[in-house]
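Note: the block below is work_26.cif and it holds mmCIF, C-alpha atoms and all ligand atoms.
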```cif
data_work
loop_
_atom_site.label_atom_id
_atom_site.label_comp_id
_atom_site.auth_asym_id
_atom_site.auth_seq_id
_atom_site.Cartn_x
_atom_site.Cartn_y
_atom_site.Cartn_z
CA MET A 1 -15.81 15.63 -21.56
CA ILE A 2 -16.90 13.31 -18.82
CA GLU A 3 -19.15 14.72 -16.17
CA ARG A 4 -18.75 13.49 -12.69
CA ASP A 5 -21.85 13.15 -10.63
CA GLU A 6 -20.98 12.49 -7.01
CA THR A 7 -24.38 11.02 -6.28
CA GLU A 8 -23.98 8.35 -8.88
CA LEU A 9 -20.44 7.31 -8.15
CA PRO A 10 -20.31 3.69 -7.11
CA GLU A 11 -18.42 2.91 -3.92
CA ARG A 12 -14.83 3.14 -5.01
CA ILE A 13 -12.97 -0.07 -5.17
CA LEU A 14 -9.56 1.44 -5.21
CA ASP A 15 -9.93 4.01 -2.52
CA GLU A 16 -7.10 3.73 -0.08
CA GLY A 17 -8.92 4.91 2.99
CA ALA A 18 -10.23 1.83 4.69
CA ASP A 19 -13.11 2.77 7.00
CA ALA A 20 -13.75 0.98 10.30
CA PRO A 21 -15.82 -1.97 9.02
CA GLU A 22 -13.34 -2.44 6.23
CA ARG A 23 -10.40 -2.45 8.62
CA GLU A 24 -12.17 -5.11 10.63
CA PHE A 25 -12.84 -7.12 7.50
CA GLU A 26 -9.17 -6.82 6.52
CA ALA A 27 -7.94 -7.73 9.98
CA GLY A 28 -9.92 -10.96 9.81
CA LEU A 29 -8.15 -11.93 6.62
CA ARG A 30 -4.67 -10.98 7.72
CA PRO A 31 -2.20 -13.87 7.71
CA GLN A 32 -0.48 -14.23 11.09
CA SER A 33 2.70 -16.04 10.13
CA LEU A 34 5.28 -15.83 7.36
CA GLY A 35 4.14 -19.26 6.21
CA ASP A 36 0.64 -17.91 5.52
CA PHE A 37 1.89 -14.78 3.78
CA VAL A 38 1.41 -15.54 0.09
CA GLY A 39 4.00 -14.63 -2.55
CA GLN A 40 6.97 -12.23 -2.16
CA ARG A 41 9.24 -15.26 -1.99
CA ALA A 42 12.63 -13.54 -1.83
CA LEU A 43 11.49 -11.14 0.84
CA LYS A 44 10.08 -13.95 2.98
CA ASP A 45 13.22 -16.08 2.68
CA ASN A 46 15.30 -13.15 3.71
CA LEU A 47 13.11 -12.24 6.65
CA ASN A 48 13.04 -15.82 7.84
CA VAL A 49 16.80 -15.84 8.10
CA VAL A 50 17.20 -12.52 9.90
CA ILE A 51 14.38 -13.29 12.32
CA GLU A 52 15.85 -16.69 13.18
CA ALA A 53 19.28 -15.16 13.63
CA ALA A 54 17.99 -12.40 15.91
CA LYS A 55 16.14 -14.97 18.00
CA LYS A 56 19.19 -17.19 18.29
CA ARG A 57 21.34 -14.30 19.42
CA GLU A 58 18.54 -13.07 21.67
CA GLU A 59 18.98 -9.65 20.21
CA PRO A 60 16.37 -7.28 18.84
CA LEU A 61 15.90 -7.37 15.08
CA GLU A 62 17.52 -4.52 13.17
CA HIS A 63 15.13 -1.75 12.14
CA VAL A 64 13.12 -2.66 9.06
CA LEU A 65 11.74 -0.35 6.39
CA LEU A 66 8.92 -1.67 4.19
CA TYR A 67 7.91 0.20 1.10
CA GLY A 68 5.42 -0.49 -1.63
CA ASN A 69 2.09 0.55 -3.05
CA PRO A 70 -1.02 0.60 -0.88
CA GLY A 71 -2.59 -2.79 -0.20
CA LEU A 72 0.46 -4.95 -0.89
CA GLY A 73 0.87 -6.14 2.69
CA LYS A 74 3.09 -3.73 4.65
CA THR A 75 0.91 -3.60 7.76
CA THR A 76 0.35 -7.33 7.56
CA LEU A 77 4.05 -7.98 7.34
CA ALA A 78 4.87 -5.70 10.27
CA ASN A 79 2.48 -7.69 12.44
CA ILE A 80 3.87 -10.97 11.18
CA ILE A 81 7.43 -9.93 11.97
CA ALA A 82 6.40 -9.09 15.54
CA ASN A 83 4.55 -12.41 15.81
CA GLU A 84 7.48 -14.38 14.52
CA LEU A 85 9.78 -12.63 16.97
CA GLY A 86 7.33 -13.29 19.77
CA ALA A 87 7.45 -9.56 20.41
CA GLN A 88 4.89 -6.99 21.50
CA ILE A 89 3.92 -4.54 18.77
CA ARG A 90 2.96 -0.90 19.25
CA VAL A 91 1.40 0.84 16.31
CA THR A 92 1.51 4.50 15.37
CA SER A 93 1.84 6.55 12.21
CA GLY A 94 3.69 9.57 10.90
CA PRO A 95 0.66 11.87 10.90
CA ALA A 96 -0.45 10.68 14.36
CA LEU A 97 2.79 11.86 15.96
CA GLU A 98 2.06 15.53 16.42
CA ARG A 99 4.41 16.51 19.21
CA VAL A 100 7.91 15.50 20.14
CA GLY A 101 6.51 14.38 23.48
CA ASP A 102 4.16 11.89 21.77
CA LEU A 103 7.03 9.96 20.30
CA ALA A 104 9.23 10.34 23.39
CA ALA A 105 6.45 8.83 25.51
CA ILE A 106 5.99 5.88 23.17
CA LEU A 107 9.71 5.21 22.95
CA SER A 108 10.33 5.33 26.67
CA ASN A 109 7.50 2.87 27.24
CA LEU A 110 8.88 0.25 24.88
CA GLY A 111 10.13 -2.91 26.53
CA LYS A 112 13.15 -4.95 25.52
CA GLY A 113 12.66 -6.50 22.08
CA ASP A 114 9.36 -4.71 21.42
CA VAL A 115 8.41 -3.66 17.91
CA LEU A 116 7.25 -0.14 17.14
CA PHE A 117 5.41 0.04 13.84
CA ILE A 118 5.34 3.51 12.28
CA ASP A 119 2.99 3.55 9.32
CA GLU A 120 3.26 6.32 6.69
CA ILE A 121 6.62 7.18 8.13
CA HIS A 122 7.28 9.63 5.28
CA ARG A 123 4.62 11.91 6.79
CA MET A 124 6.38 12.37 10.10
CA ASN A 125 7.48 15.91 10.74
CA ARG A 126 11.16 16.77 10.82
CA THR A 127 11.53 17.80 14.46
CA ILE A 128 9.93 14.57 15.56
CA GLU A 129 12.03 12.64 13.13
CA GLU A 130 15.17 13.96 14.79
CA ILE A 131 14.17 12.30 18.07
CA LEU A 132 14.29 9.04 16.20
CA TYR A 133 17.91 9.29 15.10
CA PRO A 134 19.59 8.67 18.49
CA ALA A 135 16.73 6.37 19.47
CA MET A 136 17.37 4.13 16.48
CA GLU A 137 21.12 4.32 16.61
CA ASP A 138 21.97 4.30 20.30
CA TYR A 139 18.67 3.46 21.96
CA ALA A 140 18.76 6.83 23.62
CA LEU A 141 16.46 9.78 23.98
CA ASP A 142 18.03 13.23 24.03
CA ILE A 143 15.89 15.62 25.97
CA ILE A 144 16.59 19.33 26.17
CA VAL A 145 16.04 20.67 29.66
CA GLY A 146 15.73 24.37 30.36
CA LYS A 147 15.89 27.30 27.95
CA GLY A 148 18.45 29.71 26.58
CA PRO A 149 22.06 29.68 27.81
CA THR A 150 21.35 27.29 30.67
CA ALA A 151 19.68 24.69 28.45
CA ARG A 152 21.35 21.32 28.47
CA THR A 153 20.73 17.93 26.98
CA LEU A 154 19.80 14.99 29.11
CA ARG A 155 20.32 11.58 27.66
CA LEU A 156 17.89 8.84 28.67
CA ASN A 157 18.61 5.25 27.85
CA LEU A 158 15.94 3.19 26.18
CA GLU A 159 15.39 -0.53 25.95
CA ARG A 160 16.61 -2.16 22.77
CA PHE A 161 13.68 -2.31 20.38
CA THR A 162 12.93 -2.62 16.68
CA ILE A 163 11.30 0.00 14.53
CA ILE A 164 9.38 -1.13 11.48
CA GLY A 165 8.57 1.76 9.19
CA ALA A 166 6.16 1.56 6.28
CA THR A 167 5.89 3.95 3.37
CA THR A 168 4.36 4.18 -0.06
CA ARG A 169 6.94 6.78 -1.07
CA LEU A 170 10.52 5.95 -0.36
CA SER A 171 11.69 9.11 -2.12
CA LEU A 172 9.98 11.29 0.46
CA LEU A 173 12.05 9.84 3.29
CA SER A 174 15.05 11.89 4.34
CA SER A 175 18.33 10.13 3.83
CA PRO A 176 19.42 10.31 7.51
CA LEU A 177 16.23 8.45 8.39
CA ARG A 178 16.60 5.93 5.60
CA ASP A 179 20.18 5.23 6.61
CA ARG A 180 19.12 4.19 10.08
CA PHE A 181 17.18 1.20 8.85
CA GLY A 182 19.30 -1.93 8.76
CA MET A 183 17.01 -3.52 6.18
CA THR A 184 14.80 -2.12 3.46
CA TYR A 185 12.33 -4.31 1.64
CA HIS A 186 10.29 -3.48 -1.40
CA LEU A 187 6.91 -5.14 -1.82
CA ASN A 188 6.16 -5.79 -5.46
CA PHE A 189 2.88 -6.23 -7.25
CA TYR A 190 1.83 -9.89 -6.91
CA GLU A 191 1.80 -12.55 -9.60
CA HIS A 192 -1.73 -13.42 -10.73
CA GLU A 193 -1.22 -16.91 -9.41
CA ASP A 194 -0.42 -15.59 -5.93
CA VAL A 195 -3.42 -13.26 -6.01
CA GLY A 196 -5.49 -16.36 -6.84
CA LYS A 197 -4.09 -18.10 -3.76
CA ILE A 198 -4.95 -15.11 -1.60
CA ILE A 199 -8.52 -15.12 -2.94
CA GLU A 200 -8.85 -18.84 -2.26
CA ARG A 201 -7.53 -18.39 1.24
CA SER A 202 -9.90 -15.51 1.96
CA ALA A 203 -12.86 -17.38 0.47
CA LYS A 204 -12.12 -20.28 2.77
CA ILE A 205 -11.93 -18.06 5.85
CA LEU A 206 -15.18 -16.31 4.90
CA GLY A 207 -16.94 -19.56 3.99
CA ILE A 208 -17.47 -18.46 0.39
CA ASP A 209 -18.02 -20.99 -2.35
CA ALA A 210 -16.08 -19.78 -5.40
CA GLU A 211 -15.40 -21.78 -8.56
CA PRO A 212 -11.79 -21.94 -9.77
CA GLY A 213 -12.78 -20.09 -12.96
CA ALA A 214 -14.24 -17.29 -10.87
CA VAL A 215 -11.14 -17.11 -8.70
CA ARG A 216 -9.00 -16.85 -11.81
CA LEU A 217 -11.14 -14.05 -13.20
CA LEU A 218 -10.99 -12.11 -9.94
CA SER A 219 -7.25 -12.57 -9.67
CA GLU A 220 -6.78 -11.12 -13.13
CA ARG A 221 -8.80 -8.06 -12.24
CA SER A 222 -7.35 -7.27 -8.86
CA ARG A 223 -4.51 -5.05 -10.04
CA ARG A 224 -2.10 -7.59 -8.62
CA THR A 225 -2.93 -6.20 -5.18
CA PRO A 226 -4.19 -8.31 -2.23
CA ARG A 227 -6.36 -5.57 -0.72
CA ILE A 228 -8.22 -5.15 -3.99
CA ALA A 229 -8.55 -8.91 -4.39
CA ASN A 230 -10.20 -9.15 -0.97
CA ARG A 231 -12.46 -6.20 -1.72
CA LEU A 232 -13.58 -7.61 -5.04
CA LEU A 233 -14.24 -10.98 -3.43
CA LYS A 234 -16.45 -9.31 -0.86
CA ARG A 235 -18.39 -7.34 -3.46
CA VAL A 236 -18.84 -10.37 -5.66
CA ARG A 237 -20.02 -12.39 -2.68
CA ASP A 238 -22.74 -9.78 -2.00
CA PHE A 239 -23.74 -9.91 -5.63
CA ALA A 240 -23.86 -13.71 -5.61
CA GLN A 241 -26.06 -13.71 -2.53
CA VAL A 242 -28.55 -11.34 -4.05
CA ARG A 243 -28.53 -12.43 -7.69
CA ALA A 244 -27.53 -16.07 -7.52
CA ASP A 245 -27.77 -18.68 -4.78
CA GLY A 246 -24.58 -17.52 -3.11
CA GLN A 247 -22.22 -19.56 -5.22
CA ILE A 248 -19.63 -17.57 -7.11
CA THR A 249 -19.52 -19.10 -10.54
CA ARG A 250 -17.55 -17.55 -13.34
CA PRO A 251 -20.65 -15.97 -14.98
CA VAL A 252 -21.71 -14.53 -11.62
CA ALA A 253 -18.24 -13.05 -11.14
CA GLU A 254 -18.34 -11.64 -14.67
CA ASP A 255 -21.70 -9.97 -14.09
CA ALA A 256 -20.62 -8.58 -10.74
CA LEU A 257 -17.42 -7.10 -12.18
CA ALA A 258 -19.37 -5.62 -15.08
CA MET A 259 -21.70 -3.98 -12.61
CA LEU A 260 -18.72 -2.59 -10.71
CA ASN A 261 -17.26 -1.27 -13.98
CA VAL A 262 -14.05 -3.17 -13.44
CA ASP A 263 -12.63 -3.98 -16.84
CA ALA A 264 -10.43 -6.80 -18.13
CA HIS A 265 -7.28 -5.20 -16.75
CA GLY A 266 -8.85 -4.35 -13.43
CA LEU A 267 -9.18 -0.67 -14.31
CA ASP A 268 -12.08 1.20 -12.78
CA ASP A 269 -13.88 4.42 -13.70
CA VAL A 270 -11.23 6.66 -12.22
CA ASP A 271 -8.39 4.98 -14.11
CA ARG A 272 -10.29 5.28 -17.33
CA ARG A 273 -11.18 8.89 -16.62
CA LEU A 274 -7.52 9.71 -15.99
CA LEU A 275 -6.46 8.14 -19.28
CA LEU A 276 -9.40 9.63 -21.20
CA THR A 277 -8.58 13.07 -19.85
CA ILE A 278 -5.00 12.81 -21.03
CA ILE A 279 -6.12 11.54 -24.43
CA GLU A 280 -9.07 13.81 -25.08
CA LYS A 281 -8.14 17.03 -23.33
CA PHE A 282 -4.39 16.96 -23.68
CA GLN A 283 -3.92 15.10 -26.96
CA GLY A 284 -2.27 12.22 -25.15
CA GLY A 285 0.05 14.38 -23.08
CA PRO A 286 2.51 15.19 -21.76
CA VAL A 287 0.43 16.80 -19.06
CA GLY A 288 1.68 17.82 -15.62
CA LEU A 289 0.40 15.95 -12.60
CA SER A 290 -1.23 18.99 -10.99
CA THR A 291 -3.02 19.90 -14.21
CA LEU A 292 -4.23 16.34 -14.52
CA ALA A 293 -5.42 16.37 -10.93
CA ALA A 294 -7.30 19.61 -11.45
CA SER A 295 -8.98 18.38 -14.62
CA THR A 296 -10.06 15.09 -13.12
CA GLN A 297 -10.87 16.42 -9.65
CA GLU A 298 -8.67 13.82 -8.05
CA GLU A 299 -6.10 14.50 -5.37
CA ILE A 300 -2.51 14.68 -6.61
CA ASP A 301 -1.41 12.24 -3.90
CA THR A 302 -4.16 9.77 -4.75
CA ILE A 303 -3.20 9.79 -8.40
CA GLU A 304 0.44 9.32 -7.55
CA ASP A 305 0.02 6.69 -4.83
CA VAL A 306 -3.01 4.73 -5.90
CA TYR A 307 -3.75 5.02 -9.61
CA GLU A 308 -0.56 5.84 -11.39
CA PRO A 309 1.65 2.97 -10.19
CA PHE A 310 -0.56 0.34 -11.72
CA LEU A 311 -1.10 2.28 -14.95
CA LEU A 312 2.67 2.61 -15.27
CA GLN A 313 3.04 -1.07 -14.52
CA LEU A 314 0.55 -1.95 -17.26
CA GLY A 315 2.39 0.30 -19.67
CA PHE A 316 -0.66 2.54 -20.16
CA LEU A 317 1.10 5.58 -18.87
CA THR A 318 4.63 6.89 -18.95
CA ARG A 319 6.29 9.66 -17.04
CA THR A 320 8.36 12.18 -18.89
CA PRO A 321 10.09 15.29 -17.57
CA ARG A 322 7.24 17.34 -19.04
CA GLY A 323 4.45 15.24 -17.57
CA ARG A 324 2.35 12.13 -18.01
CA VAL A 325 1.78 10.57 -21.40
CA ALA A 326 -0.90 8.06 -22.43
CA THR A 327 0.73 5.27 -24.43
CA ASP A 328 -0.54 3.62 -27.61
CA LEU A 329 -1.62 0.68 -25.45
CA ALA A 330 -3.87 2.98 -23.47
CA TYR A 331 -5.38 4.42 -26.65
CA ARG A 332 -6.18 0.97 -27.91
CA HIS A 333 -7.50 -0.25 -24.58
CA LEU A 334 -9.99 2.61 -24.58
CA GLY A 335 -10.99 1.97 -28.18
CA PHE A 336 -9.10 4.78 -29.89
CA ASP A 337 -6.69 4.55 -32.80
CA ALA A 338 -3.12 5.02 -31.70
CA PRO A 339 -2.08 8.60 -32.43
CA ASN A 340 0.60 9.72 -34.82
CA ARG A 341 3.40 10.86 -32.61
CA GLU A 342 6.92 11.31 -33.77
CA SER A 343 8.19 13.70 -31.21
CA LEU A 344 8.12 11.62 -28.01
N1 LIG B 401 0.96 -11.70 1.01
C1 LIG B 401 -0.30 -11.69 1.44
N2 LIG B 401 -0.96 -12.85 1.65
C2 LIG B 401 -2.25 -12.83 2.06
N3 LIG B 401 -2.96 -11.71 2.28
C3 LIG B 401 -2.35 -10.54 2.11
C4 LIG B 401 -1.00 -10.47 1.68
N4 LIG B 401 -0.65 -9.17 1.59
C5 LIG B 401 -1.73 -8.45 1.93
N5 LIG B 401 -2.77 -9.26 2.24
C6 LIG B 401 -4.12 -8.83 2.62
O1 LIG B 401 -4.41 -7.60 1.94
C7 LIG B 401 -4.99 -6.64 2.82
C8 LIG B 401 -4.17 -5.38 2.78
O2 LIG B 401 -2.88 -5.62 3.33
P1 LIG B 401 -2.12 -4.50 4.20
O3 LIG B 401 -1.04 -5.19 4.96
O4 LIG B 401 -3.11 -3.73 5.02
O5 LIG B 401 -1.48 -3.58 3.07
P2 LIG B 401 -0.65 -2.21 3.20
O6 LIG B 401 -0.35 -2.00 4.65
O7 LIG B 401 0.58 -2.42 2.38
O8 LIG B 401 -1.52 -1.15 2.61
C9 LIG B 401 -5.08 -7.31 4.19
O9 LIG B 401 -6.40 -7.74 4.40
C10 LIG B 401 -4.17 -8.50 4.10
O10 LIG B 401 -4.72 -9.57 4.79
MG MG B 402 -1.02 -0.42 5.86
#
```
Would it be possible to restate this file's structure as structure tokens?
Amino acid sequence: MIERDETELPERILDEGADAPEREFEAGLRPQSLGDFVGQRALKDNLNVVIEAAKKREEPLEHVLLYGNPGLGKTTLANIIANELGAQIRVTSGPALERVGDLAAILSNLGKGDVLFIDEIHRMNRTIEEILYPAMEDYALDIIVGKGPTARTLRLNLERFTIIGATTRLSLLSSPLRDRFGMTYHLNFYEHEDVGKIIERSAKILGIDAEPGAVRLLSERSRRTPRIANRLLKRVRDFAQVRADGQITRPVAEDALAMLNVDAHGLDDVDRRLLLTIIEKFQGGPVGLSTLAASTQEEIDTIEDVYEPFLLQLGFLTRTPRGRVATDLAYRHLGFDAPNRESL
């Protein structure tokens, strides 16, 4: 069994929650135009067309829903869309909208053509969500005035605006809400080559000297995710400044990644602990998500949103109706013999 000592845990590379300095760091690296947004070719081509068309017609863009794993560029893309439209952007999030009045106030203050970005839109509560339906469909706000038998609905007209919603979990969105988005785009994990381009771009902005071999190594270990690529670059830069003369050579990058316990696939301690738990405590699974969360002391949501997608993508984990299963690939990656399993 693996003991977890909070005091010795290294700063987590995968953690979703970006704190204030990190958000600032990320904002500095955020591409501002579609042309600077690396990868996601099909999505970009598509967006280019609809944005141009909306501008030509001088109409607001249809509502856009972006979904994909954390760190793949949803927030970045929302800002880029607003930029490309030459529109003002207002930013809020599902959990931040606590009262119906909060959303009503934001909506009634939107100007013509403005963009309202709602991050984590799957976490918006239902009563608030219902305000959005007529707002998205008819640009109207239905307000109930009075109580009981004399209550009546007042309809207020709104300017024509665009909502961009972002979510990591499309399945948690109600279908009436989903249906009101004219366009839904899925952000995929990036090709290693594109991650390499993102690292090069960030290194240039930050004035970091990184050898091509080092860039390649980092891009292979970044879980095909831009946010992680930028984080690793930052950590490796610190390491290079302290241990080398600031230049990120391939050996420096290798040493830094070894110190961070990031392995050849980009897995970190938590990933390995998840897989080891399934293998050692549950004979490879299947094990239910909540049991797995309890045994690893990770949050269910964090496992599902942050860790699991990449492990599934690598083929280290599969989902079955009875729970999560560690695959033969995972056994081998962790240095075990593949188990004898006939029944799966
Ligand atoms: N396609 C891309 N090209 C360049 N940088 C990107 C790209 N996608 C994301 N990034 C960078 O990765 C970081 C995380 O992106 P973000 O938009 O915040 O992800 P999300 O909102 O999906 O969690 C940002 O610093 C951003 O600059
Ligand atoms: Mg975001």
- May I ask you to write as a PyMOL selection string all residues lying at most 9 Å from ligand LIG 401 (chain B), with all atoms listed in the file counted? chain A and resi 16+22-32+34+36-40+66-79+119+166-168+187+190+194-195+197-199+201-202+225-231
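Among the candidate residues A:Leu218, A:Ala264, A:Met124, A:Ile164, the one lying nearest to ligand MG 402 (chain B) is A:Ile164, with distances computed using only C-alpha atoms and all ligand atoms.
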- Message: Would you pick out the contacts of Gln241 in chain A at 12 Å or less, using all atoms listed in the file, so that residues sharing its chain but fewer than 6 positions from it are not included, and give the list as a PyMOL selection string?
- Response: chain A and resi 208-209+234-235+247-249+252-253+256
- Task: Rank A:Gly148, A:Pro339, A:Gly246, A:Gly323 by their smallest atom-to-atom distance to Glu280 in chain A, using only C-alpha atoms, and report the top residue only.
- Result: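 Among the listed residues, A:Pro339 lies closest to Glu280 in chain A.
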- Task: Would you please work out which residue, of A:Arg126, A:Lys147, A:Arg341, A:Lys56, is nearest to Gln283 in chain A when using all atoms listed in the file?
- Result: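 When distances to Gln283 in chain A are compared using all atoms listed in the file, the smallest one comes from A:Arg341.
When all atoms listed in the file are used to compute distances to Phe282 in chain A, the closest of the residues A:Ile163, A:Ile128, A:Leu158, A:Ala326 turns out to be A:Ala326.
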- Item | Long-range neighbours of Leu334 in chain A as a ChimeraX atom specification, 9 Å cut-off, only C-alpha atoms, 3 positions minimum in chain | /A:272,275-276,329-331
- How far is it from CA of Phe117 in chain A to CA of Arg90 in chain A, in Å with one decimal? 6.0 Å
- Query: With distances taken over all atoms listed in the file, which of A:Lys112, A:Glu130, A:Leu103, A:Gly165 is nearest to ligand MG 402 (chain B)?
  - Reply: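 Using all atoms listed in the file, ligand MG 402 (chain B) sits closest to A:Gly165.
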- Distance in Å - CA of Gly335 in chain A versus CA of Leu267 in chain A: 14.2 Å
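Nearest residue to ligand MG 402 (chain B) among A:Asn261, A:Glu84, A:Ser93, A:Ala53 is A:Ser93, counting all atoms listed in the file.
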- Message: Just to confirm, what's the straight-line distance from CA of Asp238 in chain A to CA of Ile205 in chain A in Å (one decimal)?
- Response: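 These two atoms are separated by 15.7 Å.
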